[in-house]
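Take a look at the structure below.
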Amino acid sequence: MSAQPLRLAVAGLGTVGIGVREGLAKHQAVLSQRAARPLKVVAVSARDRHRDRGVDLAAYDWVDNPVELAGRDDVDVVVELIGGADGPALALAKEALGRGKSFVTANKALIAHHGGELADLAETNDAALKFEAGVAGGIPVLKALREGMSANDLDSLHGILNGTCNYILTVMEREGTGFAEVLEAAQKAGYAEADPSFDVDGIDAAHKTAILAALAFGMRPDFDALSIKGIRQIAPIDIAHAADLGYRIKLLGLARRRNGAVEQRVHPCMVSKDTALAHVGGVTNAVVATGDLVGQTVYEGAGAGAGPTASAVIADVVDIAHGCRRPAFSVPADDLKALPTLDPMELDGNFYLRLRVVDRPGVIAEISSVLAGEDVSLASLIQRDTAETDGVYVVLTTHRTNEGGMTRASRKIGELDSVLEEPVMLRIERFDQ
Ligand SMILES: NC(=O)c1ccc[n+]([C@@H]2O[C@H](COP(=O)([O-])OP(=O)(O)OC[C@H]3O[C@@H](n4cnc5c(N)ncnc54)[C@H](OP(=O)(O)O)[C@@H]3O)[C@@H](O)[C@H]2O)c1
């Protein structure tokens with residue numbers, strides 16, 4: 001092959017960085033064909049030059065400060081696999097794009113917080129900005145939305161975007177164990193970080209939801225517009241009740257556009273066992289996107305790990321080798337809209353509320369009265385004994401009602417003397433409304 005190699009610099013040599021290096025080495029020959037030129041790593045950077053990473057890095061120049069990679073004349077594309085919304089990742093992105101060098105990243109935090117600004121920089125300097133690995137790891141869902149569904153009006157998408165949460169909820173359901181116990185086991189098995197808060201509090205899924213919404217709706221990523229709730233409050237009783245009602249509990253990222261405004265949310269919710277997502281278990285990710293021409297499409301696969309994430313990173317590099325400069329968020333950065341946010345409190349939905357209450361006459365009447373005062377109409381109410389030493393569980397579901405009214409009712413019910421712990425309120429998500 002006579003074509004000039006595409007010269008890469010890789011910043012970050014952890015799980016993904018080493019995965020990319022391995023993927024490039026393993027498929028060197030076929031990648032040269034698919035990219036129509038060799039892909040060649042020329043320089044790398046990480047924090048600790050002396051760490052044994054299990055691979056031979058002698059062929060690459062080592063650079064201590066990753067930002068310097070962007071200034072090298074022998075680098076065409078910078079691949080950022082460090083992580084973090086700011087710090088060296090942001091500095092490197094700005095330096096690379098500012099110099100007209102294409103930039104590939106797996107860093108969803110960076111894109112969710114700075115994607116608009118980086119898209120501006122990329123287009124001004126005729127460089128590519130690509131981040132397929134940042135959403136749903138190995139699933140090529142951004143490419144599917146940006147390219148395969150470009151003929152559609154996309155008004156709605158939702159997905160299981162965090163493998164750690166899906167794994168925890170799957171094991172809680174299978175084994176009937178509590179959140180804390182499953183989290184500890186997940187940490188030991190390597191499915192959860194030592195500090196799990198980004199995952200279990202919904203932040204990671206929110207980063208991905210902001211990116212999906214931006215790409216689908218032609219808007220700048222607007223992380224601050226998201227309403228976010230994680231899975232810490234979910235208990236086995238909720239999972240058991242969900243099963244009795246024909247549902248599973250999943251942490252979903254949801255983005256919908258209605259009348260020119262956008263709703264973006266991440267929270268645990270009940271989904272019918274009849275839906276595709278209810279059957280996505282363990283660390284697997286899945287995204288459902290609905291277009292006006294194509295209808296519903298579903299994408300499922302590995303959302304993390306060295307191989308799947310490297311697969312997406314390398315695919316981005318191959319696109320760049322072909323000169324791909326498609327706008328990062330589907331439309332030119334200048335045309336990205338600032339769409340108003342729909343206030344979740346003004347939306348309607350069906351809800352589940354779980355209460356632990358003292359076991360005495362009159363309590364149900366008190367709860368019903370608060371709900372009626374907020375115009376919430378009950379669909380079902382069940383009382384169950386608890387494993388706790390005192391109280392009983394009351395679990396209720398509602399007909400379609402306003403989220404603001406339901407939230408106020410839940411707060412007022414939580415303040416009643418007869419209610420022993422903070423109520424747990426979940427949306428019962430219907431995707432046809
Ligand atoms: N892991 C996954 O499955 C996955 C999936 C999708 C997306 N991602 C994203 O991919 C990115 C990388 O994730 P990862 O799991 O590979 O992380 P990781 O294993 O923690 O690796 C991070 C790498 O960045 C290097 N680094 C940290 N600070 C640095 C600095 N100031 N200067 C230079 N290098 C620095 C580290 O160097 P040392 O090794 O010397 O400490 C390490 O090599 C993140 O944005 C993550 O969100 C990861």
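Letters A, B, ... mark the chains of the structure tokens in the order given; residue numbers begin at 1 per chain; ligand numbers begin at 1, in order shown.
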Worksheet entry | Distance query Pro340 (chain A) at most 9 Å, only C-alpha atoms, self and fewer than 2 positions along chain excluded, as JSON, numbers by chain | {"A": [225, 260, 261, 262, 263, 338, 342]}
I need the residues from that last selection saved to file as a CSV table (one decimal), in the first residue's frame (with C-alpha atoms), if you can.
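Output (part-v6.csv):
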chain,number,residue,atom,x,y,z
A,225,ALA,CA,-31.2,20.7,31.6
A,260,GLY,CA,-40.3,22.5,20.0
A,261,ALA,CA,-39.2,21.9,23.6
A,262,VAL,CA,-37.1,19.0,25.0
A,263,GLU,CA,-37.5,16.7,27.9
A,338,ALA,CA,-30.9,26.1,21.9
A,342,LEU,CA,-39.8,21.0,29.4
Within 7 Å of ligand 1 (counting only C-alpha atoms and all ligand atoms), which residues show up? I'd like them as a compact mmCIF listing (two decimals) with N, CA, C and O atoms, in the first residue's frame.
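Okay, this is what ended up in part-v6.txt:
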# COMPACT_ATOMS: atom_id res chain seq x y z
N ALA A 11 -3.64 9.53 23.97
CA ALA A 11 -3.47 10.06 25.32
C ALA A 11 -4.33 9.24 26.27
O ALA A 11 -5.55 9.20 26.11
N GLY A 12 -3.70 8.58 27.23
CA GLY A 12 -4.42 7.70 28.15
C GLY A 12 -4.18 6.26 27.73
O GLY A 12 -4.53 5.86 26.62
N LEU A 13 -3.54 5.51 28.64
CA LEU A 13 -3.21 4.11 28.33
C LEU A 13 -3.78 3.20 29.41
O LEU A 13 -3.09 2.32 29.94
N GLY A 14 -5.03 3.44 29.76
CA GLY A 14 -5.71 2.58 30.73
C GLY A 14 -6.49 1.51 30.00
O GLY A 14 -6.07 1.03 28.94
N THR A 15 -7.66 1.17 30.52
CA THR A 15 -8.47 0.09 29.92
C THR A 15 -8.69 0.35 28.43
O THR A 15 -8.43 -0.52 27.59
N VAL A 16 -9.16 1.54 28.09
CA VAL A 16 -9.52 1.80 26.69
C VAL A 16 -8.28 2.07 25.85
O VAL A 16 -8.16 1.57 24.72
N GLY A 17 -7.35 2.85 26.39
CA GLY A 17 -6.13 3.18 25.62
C GLY A 17 -5.39 1.92 25.19
O GLY A 17 -4.98 1.78 24.02
N SER A 45 0.76 9.05 25.66
CA SER A 45 0.95 9.75 26.94
C SER A 45 0.07 9.10 28.00
O SER A 45 -1.04 8.64 27.72
N ALA A 46 0.57 9.06 29.21
CA ALA A 46 -0.22 8.65 30.39
C ALA A 46 0.49 9.27 31.58
O ALA A 46 1.50 9.98 31.42
N ARG A 47 -0.04 9.02 32.79
CA ARG A 47 0.59 9.66 33.95
C ARG A 47 1.92 9.01 34.31
O ARG A 47 2.91 9.68 34.55
N ASP A 48 1.92 7.67 34.35
CA ASP A 48 3.07 6.96 34.89
C ASP A 48 3.83 6.23 33.76
O ASP A 48 3.40 5.18 33.28
N ARG A 49 4.95 6.79 33.41
CA ARG A 49 5.77 6.26 32.31
C ARG A 49 6.27 4.84 32.61
O ARG A 49 6.55 4.06 31.70
N ARG A 51 4.82 2.42 34.53
CA ARG A 51 3.84 1.38 34.83
C ARG A 51 3.90 0.27 33.77
O ARG A 51 3.99 0.54 32.58
N ASP A 64 5.13 13.24 28.37
CA ASP A 64 4.57 13.35 29.73
C ASP A 64 3.31 14.19 29.77
O ASP A 64 2.35 13.85 30.44
N ASN A 65 3.36 15.33 29.08
CA ASN A 65 2.19 16.21 29.09
C ASN A 65 1.32 15.91 27.86
O ASN A 65 1.72 16.22 26.73
N PRO A 66 0.13 15.34 28.04
CA PRO A 66 -0.67 14.92 26.88
C PRO A 66 -0.99 16.06 25.91
O PRO A 66 -1.13 15.82 24.71
N LEU A 81 -8.13 9.35 25.65
CA LEU A 81 -8.72 8.28 26.45
C LEU A 81 -8.30 8.43 27.90
O LEU A 81 -7.94 7.47 28.58
N ILE A 82 -8.31 9.69 28.36
CA ILE A 82 -7.94 10.00 29.74
C ILE A 82 -9.18 10.05 30.61
O ILE A 82 -9.30 9.40 31.64
N GLY A 83 -10.16 10.84 30.19
CA GLY A 83 -11.41 10.97 30.95
C GLY A 83 -11.49 12.30 31.67
O GLY A 83 -10.51 13.04 31.76
N GLY A 84 -12.69 12.63 32.16
CA GLY A 84 -12.91 13.87 32.90
C GLY A 84 -13.43 14.97 31.99
O GLY A 84 -12.98 15.12 30.85
N PRO A 88 -6.87 17.83 31.66
CA PRO A 88 -6.07 17.58 30.46
C PRO A 88 -6.91 17.18 29.25
O PRO A 88 -6.53 17.49 28.11
N ALA A 106 -13.47 8.87 23.86
CA ALA A 106 -14.49 8.00 24.44
C ALA A 106 -15.12 8.70 25.64
O ALA A 106 -15.86 8.09 26.40
N ASN A 107 -14.83 10.00 25.78
CA ASN A 107 -15.09 10.73 27.02
C ASN A 107 -16.44 11.45 26.97
O ASN A 107 -16.56 12.56 26.45
N LYS A 108 -17.46 10.80 27.51
CA LYS A 108 -18.82 11.38 27.44
C LYS A 108 -18.96 12.61 28.31
O LYS A 108 -19.73 13.53 27.99
N ALA A 109 -18.22 12.65 29.43
CA ALA A 109 -18.32 13.83 30.30
C ALA A 109 -17.84 15.07 29.54
O ALA A 109 -18.48 16.14 29.57
N ALA A 133 -17.53 6.14 20.94
CA ALA A 133 -17.35 5.28 22.11
C ALA A 133 -17.93 5.89 23.39
O ALA A 133 -18.08 5.20 24.40
N GLY A 134 -18.26 7.17 23.33
CA GLY A 134 -18.76 7.85 24.53
C GLY A 134 -20.19 7.45 24.89
O GLY A 134 -20.62 7.65 26.03
N GLY A 137 -20.77 2.53 24.50
CA GLY A 137 -19.52 1.80 24.21
C GLY A 137 -19.42 1.27 22.80
O GLY A 137 -19.26 2.04 21.84
N GLY A 303 -21.75 -2.14 26.34
CA GLY A 303 -21.64 -0.71 26.56
C GLY A 303 -20.30 -0.28 27.13
O GLY A 303 -20.04 0.92 27.29
N ALA A 304 -19.43 -1.22 27.45
CA ALA A 304 -18.14 -0.86 28.06
C ALA A 304 -17.16 -2.01 27.88
O ALA A 304 -17.50 -3.04 27.30
N GLY A 305 -15.95 -1.80 28.40
CA GLY A 305 -14.91 -2.82 28.30
C GLY A 305 -13.90 -2.44 27.22
O GLY A 305 -14.20 -1.65 26.32
N ALA A 306 -12.70 -3.00 27.35
CA ALA A 306 -11.61 -2.61 26.45
C ALA A 306 -11.94 -2.87 24.99
O ALA A 306 -11.81 -1.98 24.14
N THR A 309 -15.15 -0.80 23.53
CA THR A 309 -14.91 0.64 23.46
C THR A 309 -13.85 0.93 22.39
O THR A 309 -14.00 1.88 21.60
Using only C-alpha atoms, I'd like a table of the residues in region 87-164 of chain A that come within 9 Å of region 326-333 of chain A; for each, show the closest atom pair and its distance in Å rounded to one decimal, ordered by chain and ascending number, as a Markdown table.
| residue | atom | partner | partner_atom | distance |
| --- | --- | --- | --- | --- |
| A:Gly115 | CA | A:Ala328 | CA | 8.5 |
| A:Gly116 | CA | A:Ala333 | CA | 7.1 |
| A:Glu117 | CA | A:Ala333 | CA | 8.7 |
| A:Ala119 | CA | A:Ala333 | CA | 5.9 |
| A:Asp120 | CA | A:Ala333 | CA | 5.5 |
| A:Ala122 | CA | A:Ala328 | CA | 8.7 |
| A:Glu123 | CA | A:Ala333 | CA | 7.2 |
| A:Ala128 | CA | A:Arg326 | CA | 7.4 |
| A:Leu129 | CA | A:Ala328 | CA | 5.9 |
| A:Lys130 | CA | A:Ala328 | CA | 6.4 |
| A:Phe131 | CA | A:Ala328 | CA | 8.3 |
| A:Leu145 | CA | A:Ser330 | CA | 8.5 |
| A:Arg146 | CA | A:Ser330 | CA | 5.4 |
| A:Glu147 | CA | A:Ser330 | CA | 8.1 |
| A:Ser150 | CA | A:Ser330 | CA | 8.0 |
Deliver the residues from the most recent selection as a file, using N, CA, C and O atoms, as a short mmCIF file (atom, residue, chain, number, x, y, z; two decimals), in the first residue's frame.
data_model
loop_
_atom_site.label_atom_id
_atom_site.label_comp_id
_atom_site.auth_asym_id
_atom_site.auth_seq_id
_atom_site.Cartn_x
_atom_site.Cartn_y
_atom_site.Cartn_z
N GLY A 115 -19.38 19.80 24.38
CA GLY A 115 -19.55 19.34 22.99
C GLY A 115 -19.85 20.47 22.01
O GLY A 115 -19.33 20.47 20.89
N GLY A 116 -20.68 21.44 22.41
CA GLY A 116 -21.04 22.53 21.51
C GLY A 116 -19.83 23.36 21.13
O GLY A 116 -19.56 23.62 19.94
N GLU A 117 -19.09 23.75 22.15
CA GLU A 117 -17.88 24.57 21.96
C GLU A 117 -16.84 23.83 21.10
O GLU A 117 -16.21 24.40 20.19
N ALA A 119 -17.49 21.40 18.95
CA ALA A 119 -18.01 21.28 17.57
C ALA A 119 -17.73 22.57 16.80
O ALA A 119 -17.35 22.53 15.62
N ASP A 120 -17.90 23.73 17.45
CA ASP A 120 -17.57 25.02 16.81
C ASP A 120 -16.11 25.03 16.36
O ASP A 120 -15.79 25.38 15.23
N ALA A 122 -14.06 22.52 15.90
CA ALA A 122 -13.77 21.53 14.86
C ALA A 122 -14.13 22.09 13.49
O ALA A 122 -13.34 22.01 12.54
N GLU A 123 -15.32 22.69 13.39
CA GLU A 123 -15.76 23.17 12.08
C GLU A 123 -14.98 24.39 11.62
O GLU A 123 -14.64 24.51 10.45
N ALA A 128 -12.19 16.90 12.32
CA ALA A 128 -13.31 16.04 12.73
C ALA A 128 -13.32 15.92 14.25
O ALA A 128 -12.26 15.84 14.89
N LEU A 129 -14.52 15.91 14.82
CA LEU A 129 -14.70 15.66 16.25
C LEU A 129 -15.58 14.43 16.35
O LEU A 129 -16.73 14.44 15.89
N LYS A 130 -15.04 13.33 16.93
CA LYS A 130 -15.80 12.09 16.94
C LYS A 130 -15.77 11.45 18.32
O LYS A 130 -14.74 11.46 18.99
N PHE A 131 -16.92 10.87 18.73
CA PHE A 131 -17.03 10.38 20.11
C PHE A 131 -17.98 9.19 20.19
O PHE A 131 -18.72 9.05 21.16
N LEU A 145 -27.73 6.97 14.25
CA LEU A 145 -28.61 8.15 14.31
C LEU A 145 -28.17 9.21 13.30
O LEU A 145 -28.99 9.77 12.58
N ARG A 146 -26.87 9.48 13.29
CA ARG A 146 -26.34 10.58 12.47
C ARG A 146 -26.43 10.26 10.98
O ARG A 146 -26.76 11.11 10.17
N GLU A 147 -26.14 9.00 10.64
CA GLU A 147 -26.07 8.64 9.22
C GLU A 147 -27.25 7.79 8.78
O GLU A 147 -28.00 8.17 7.88
N SER A 150 -30.62 9.64 9.02
CA SER A 150 -30.58 11.07 8.69
C SER A 150 -31.83 11.53 7.94
O SER A 150 -32.13 12.72 7.89
#
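Interatomic distance, CA of Val10 (chain A) against CA of Val55 (chain A): 14.3 Å.
Each of A:Leu154, A:Ile249, A:Leu183, A:Ala310 was compared to Asp292 (chain A) using only C-alpha atoms, and A:Leu154 turns out to be the nearest.
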Discussion item. What parts of region 128-273 of chain A does DSSP call strand (DSSP E)? I'd like the answer as a ChimeraX atom specification.
Written reply: /A:129-130,154-160,227-228,247-258,261-272
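Around Ala91 (chain A), within 12 Å and counting only C-alpha atoms, the residues found are Ala11, Asn65, Pro66, Val67, Glu68, Leu69, Ala70, Gly71, Glu80, Ile82, Gly83, Gly84, Ala85, Asp86, Gly87, Pro88, Ala89, Ala93, Lys94, Glu95, Ala96, Leu97, Gly98, Phe103, Leu110, His114 and Leu118 of chain A, once anything fewer than 2 positions away on its own chain is removed.
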Worksheet item: Which of these, A:Leu57, A:Val271, A:Ala136, A:Val104, has the shortest distance to Asp319 (chain A) once you count only C-alpha atoms?
Response: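 For Asp319 (chain A), the nearest of the given residues is A:Val104.
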Discussion item. Which residue is closest to Ile239 (chain A)? Choose from A:Val419, A:Cys269, A:Val370, A:Val298 and count only C-alpha atoms.
Written reply: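 Ranking A:Val419, A:Cys269, A:Val370, A:Val298 by distance to Ile239 (chain A), first place goes to A:Cys269.
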Determine, counting only C-alpha atoms, which protein, DNA and RNA residues have an atom within 10 Å of an atom of region 343-349 of chain A; residues of the same chain fewer than 5 positions away are not included. Present the result as a CSV table (one decimal) with all heavy atoms, in the first residue's frame.
chain,number,residue,atom,x,y,z
A,225,ALA,N,-29.7,20.8,31.7
A,225,ALA,CA,-31.2,20.7,31.6
A,225,ALA,C,-31.7,19.4,32.0
A,225,ALA,O,-32.9,19.2,32.1
A,225,ALA,CB,-31.5,20.9,30.1
A,226,LEU,N,-30.8,18.4,32.3
A,226,LEU,CA,-31.3,17.1,32.6
A,226,LEU,C,-31.8,17.0,34.1
A,226,LEU,O,-31.3,17.5,35.0
A,226,LEU,CB,-30.2,16.1,32.5
A,226,LEU,CG,-30.2,15.4,31.1
A,226,LEU,CD1,-28.9,15.8,30.3
A,226,LEU,CD2,-30.3,13.9,31.1
A,227,SER,N,-32.9,16.2,34.2
A,227,SER,CA,-33.3,15.9,35.6
A,227,SER,C,-32.8,14.5,35.8
A,227,SER,O,-33.0,13.6,35.0
A,227,SER,CB,-34.8,16.0,35.7
A,227,SER,OG,-35.5,14.8,35.7
A,261,ALA,N,-39.9,21.9,22.3
A,261,ALA,CA,-39.2,21.9,23.6
A,261,ALA,C,-38.7,20.4,23.9
A,261,ALA,O,-39.2,19.5,23.3
A,261,ALA,CB,-40.1,22.4,24.7
A,262,VAL,N,-37.7,20.3,24.8
A,262,VAL,CA,-37.1,19.0,25.0
A,262,VAL,C,-37.2,18.6,26.4
A,262,VAL,O,-37.0,19.4,27.4
A,262,VAL,CB,-35.6,19.1,24.5
A,262,VAL,CG1,-34.9,17.8,24.9
A,262,VAL,CG2,-35.6,19.3,23.0
A,263,GLU,N,-37.5,17.3,26.6
A,263,GLU,CA,-37.5,16.7,27.9
A,263,GLU,C,-36.3,15.7,28.0
A,263,GLU,O,-36.2,14.9,27.1
A,263,GLU,CB,-38.8,15.9,28.0
A,263,GLU,CG,-39.0,15.0,29.1
A,263,GLU,CD,-40.3,14.1,28.9
A,263,GLU,OE1,-41.0,14.2,27.9
A,263,GLU,OE2,-40.5,13.3,29.8
A,264,GLN,N,-35.5,15.9,29.0
A,264,GLN,CA,-34.3,15.0,29.1
A,264,GLN,C,-34.2,14.5,30.5
A,264,GLN,O,-34.1,15.4,31.4
A,264,GLN,CB,-33.0,15.7,28.8
A,264,GLN,CG,-32.9,16.3,27.4
A,264,GLN,CD,-31.5,16.9,27.2
A,264,GLN,OE1,-30.5,16.3,27.1
A,264,GLN,NE2,-31.5,18.2,27.1
A,265,ARG,N,-34.3,13.2,30.7
A,265,ARG,CA,-34.3,12.7,32.1
A,265,ARG,C,-33.5,11.4,32.2
A,265,ARG,O,-33.4,10.7,31.2
A,265,ARG,CB,-35.8,12.3,32.4
A,265,ARG,CG,-36.7,13.5,32.4
A,265,ARG,CD,-38.1,13.0,32.9
A,265,ARG,NE,-39.0,12.5,31.8
A,265,ARG,CZ,-39.5,11.4,31.8
A,265,ARG,NH1,-39.3,10.5,32.7
A,265,ARG,NH2,-40.3,11.0,30.8
A,398,THR,N,-50.8,4.8,40.2
A,398,THR,CA,-51.8,5.8,39.8
A,398,THR,C,-52.2,5.7,38.4
A,398,THR,O,-51.5,5.1,37.6
A,398,THR,CB,-51.1,7.2,40.0
A,398,THR,OG1,-50.2,7.5,38.9
A,398,THR,CG2,-50.4,7.4,41.3
A,399,HIS,N,-53.3,6.3,38.1
A,399,HIS,CA,-53.7,6.6,36.7
A,399,HIS,C,-52.8,7.7,36.2
A,399,HIS,O,-52.1,8.3,37.0
A,399,HIS,CB,-55.2,6.9,36.6
A,399,HIS,CG,-56.1,5.8,36.9
A,399,HIS,ND1,-56.1,4.7,36.1
A,399,HIS,CD2,-57.0,5.6,37.9
A,399,HIS,CE1,-57.0,3.8,36.6
A,399,HIS,NE2,-57.5,4.3,37.6
A,400,ARG,N,-52.9,8.1,34.9
A,400,ARG,CA,-52.1,9.1,34.4
A,400,ARG,C,-52.4,10.4,35.1
A,400,ARG,O,-53.5,10.8,35.3
A,400,ARG,CB,-52.4,9.3,32.9
A,400,ARG,CG,-51.4,10.0,32.1
A,400,ARG,CD,-51.5,9.7,30.6
A,400,ARG,NE,-50.6,10.6,29.9
A,400,ARG,CZ,-49.3,10.4,29.8
A,400,ARG,NH1,-48.7,9.4,30.5
A,400,ARG,NH2,-48.6,11.3,29.2
A,401,THR,N,-51.3,11.1,35.6
A,401,THR,CA,-51.5,12.2,36.4
A,401,THR,C,-50.3,13.2,36.2
A,401,THR,O,-49.3,12.8,35.7
A,401,THR,CB,-51.6,11.8,37.9
A,401,THR,OG1,-52.1,12.9,38.7
A,401,THR,CG2,-50.3,11.3,38.5
A,402,ASN,N,-50.4,14.4,36.8
A,402,ASN,CA,-49.3,15.4,36.6
A,402,ASN,C,-48.2,15.0,37.6
A,402,ASN,O,-48.4,14.8,38.8
A,402,ASN,CB,-49.9,16.7,36.9
A,402,ASN,CG,-48.9,17.8,37.0
A,402,ASN,OD1,-48.5,18.2,38.1
A,402,ASN,ND2,-48.4,18.3,35.9
A,403,GLU,N,-46.9,15.1,37.1
A,403,GLU,CA,-45.8,14.8,37.9
A,403,GLU,C,-45.6,15.7,39.1
A,403,GLU,O,-45.2,15.3,40.2
A,403,GLU,CB,-44.5,14.7,37.1
A,403,GLU,CG,-43.3,14.3,37.9
A,403,GLU,CD,-42.2,13.6,37.1
A,403,GLU,OE1,-42.4,13.3,35.9
A,403,GLU,OE2,-41.1,13.4,37.6
A,404,GLY,N,-45.9,17.0,38.8
A,404,GLY,CA,-45.8,18.0,39.9
A,404,GLY,C,-46.7,17.6,41.1
A,404,GLY,O,-46.3,17.7,42.2
A,405,GLY,N,-48.0,17.3,40.7
A,405,GLY,CA,-49.0,17.0,41.8
A,405,GLY,C,-48.5,15.7,42.5
A,405,GLY,O,-48.6,15.6,43.7
A,406,MET,N,-48.0,14.8,41.8
A,406,MET,CA,-47.6,13.5,42.4
A,406,MET,C,-46.4,13.7,43.3
A,406,MET,O,-46.3,13.1,44.4
A,406,MET,CB,-47.2,12.5,41.2
A,406,MET,CG,-47.0,11.1,41.7
A,406,MET,SD,-48.4,10.4,42.5
A,406,MET,CE,-47.6,9.1,43.5
A,407,THR,N,-45.5,14.6,42.9
A,407,THR,CA,-44.3,14.9,43.7
A,407,THR,C,-44.7,15.5,45.0
A,407,THR,O,-44.2,15.2,46.1
A,407,THR,CB,-43.3,15.7,42.9
A,407,THR,OG1,-43.0,15.1,41.6
A,407,THR,CG2,-42.0,16.0,43.6
A,408,ARG,N,-45.6,16.5,44.9
A,408,ARG,CA,-46.1,17.2,46.1
A,408,ARG,C,-46.8,16.2,47.0
A,408,ARG,O,-46.6,16.2,48.2
A,408,ARG,CB,-47.0,18.3,45.7
A,408,ARG,CG,-46.3,19.6,45.2
A,408,ARG,CD,-47.3,20.8,45.1
A,408,ARG,NE,-48.4,20.5,44.2
A,408,ARG,CZ,-48.3,20.7,42.8
A,408,ARG,NH1,-47.2,21.1,42.3
A,408,ARG,NH2,-49.3,20.4,42.1
A,427,ARG,N,-41.6,6.4,38.2
A,427,ARG,CA,-42.5,6.5,37.0
A,427,ARG,C,-42.7,5.1,36.4
A,427,ARG,O,-41.8,4.3,36.4
A,427,ARG,CB,-41.8,7.4,35.9
A,427,ARG,CG,-42.0,8.9,36.1
A,427,ARG,CD,-41.4,9.7,35.0
A,427,ARG,NE,-42.3,9.7,33.8
A,427,ARG,CZ,-43.0,10.7,33.5
A,427,ARG,NH1,-43.0,11.8,34.2
A,427,ARG,NH2,-43.8,10.7,32.5
A,428,ILE,N,-43.9,4.9,36.0
A,428,ILE,CA,-44.2,3.7,35.2
A,428,ILE,C,-44.2,4.2,33.7
A,428,ILE,O,-45.1,4.9,33.3
A,428,ILE,CB,-45.6,3.1,35.5
A,428,ILE,CG1,-45.6,2.7,37.0
A,428,ILE,CG2,-45.9,1.9,34.6
A,428,ILE,CD1,-47.0,2.3,37.5
A,429,GLU,N,-43.1,3.8,33.0
A,429,GLU,CA,-42.8,4.5,31.7
A,429,GLU,C,-43.6,3.8,30.6
A,429,GLU,O,-43.5,2.6,30.4
A,429,GLU,CB,-41.3,4.4,31.5
A,429,GLU,CG,-40.8,5.5,30.7
A,429,GLU,CD,-41.1,6.9,31.2
A,429,GLU,OE1,-40.6,7.3,32.3
A,429,GLU,OE2,-41.7,7.7,30.5
A,430,ARG,N,-44.4,4.6,30.0
A,430,ARG,CA,-45.2,4.1,28.8
A,430,ARG,C,-44.6,4.8,27.6
A,430,ARG,O,-44.5,6.1,27.6
A,430,ARG,CB,-46.7,4.4,28.9
A,430,ARG,CG,-47.3,3.8,30.1
A,430,ARG,CD,-48.0,2.5,29.8
A,430,ARG,NE,-48.8,2.6,28.6
A,430,ARG,CZ,-50.2,2.9,28.7
A,430,ARG,NH1,-50.7,3.1,29.8
A,430,ARG,NH2,-50.9,3.0,27.5
A,433,GLN,N,-46.9,7.3,24.8
A,433,GLN,CA,-47.6,8.5,25.2
A,433,GLN,C,-46.8,9.7,25.0
A,433,GLN,O,-45.6,9.7,25.1
A,433,GLN,CB,-48.0,8.4,26.7
A,433,GLN,CG,-49.0,7.3,26.9
A,433,GLN,CD,-49.4,7.1,28.4
A,433,GLN,OE1,-48.6,7.4,29.2
A,433,GLN,NE2,-50.6,6.6,28.6
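Rounded to one decimal, CA of Ala35 (chain A) and CA of Thr124 (chain A) lie 24.8 Å from each other.
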Worksheet item: In Å, with one decimal, what is the gap from CA of Gly190 (chain A) to CA of Pro268 (chain A)?
Response: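 Taking CA of Gly190 (chain A) as the start and CA of Pro268 (chain A) as the end point, the length is 22.4 Å.
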Practice prompt. Determine, counting only C-alpha atoms, which protein, DNA and RNA residues have an atom within 12 Å of an atom of Ala255 (chain A); residues of the same chain fewer than 2 positions away are not included. Present the result as a PyMOL selection string.
Written response: chain A and resi 154-159+205-206+208-217+221-223+225-227+252-253+257-258+261-267+287-290+341-342+344+431
Fill in: Nearest candidate to Lys337 (chain A) (options A:Met219, A:Ala379, A:Leu121, A:Ala29; using only C-alpha atoms)
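Ranking A:Met219, A:Ala379, A:Leu121, A:Ala29 by distance to Lys337 (chain A), first place goes to A:Met219.
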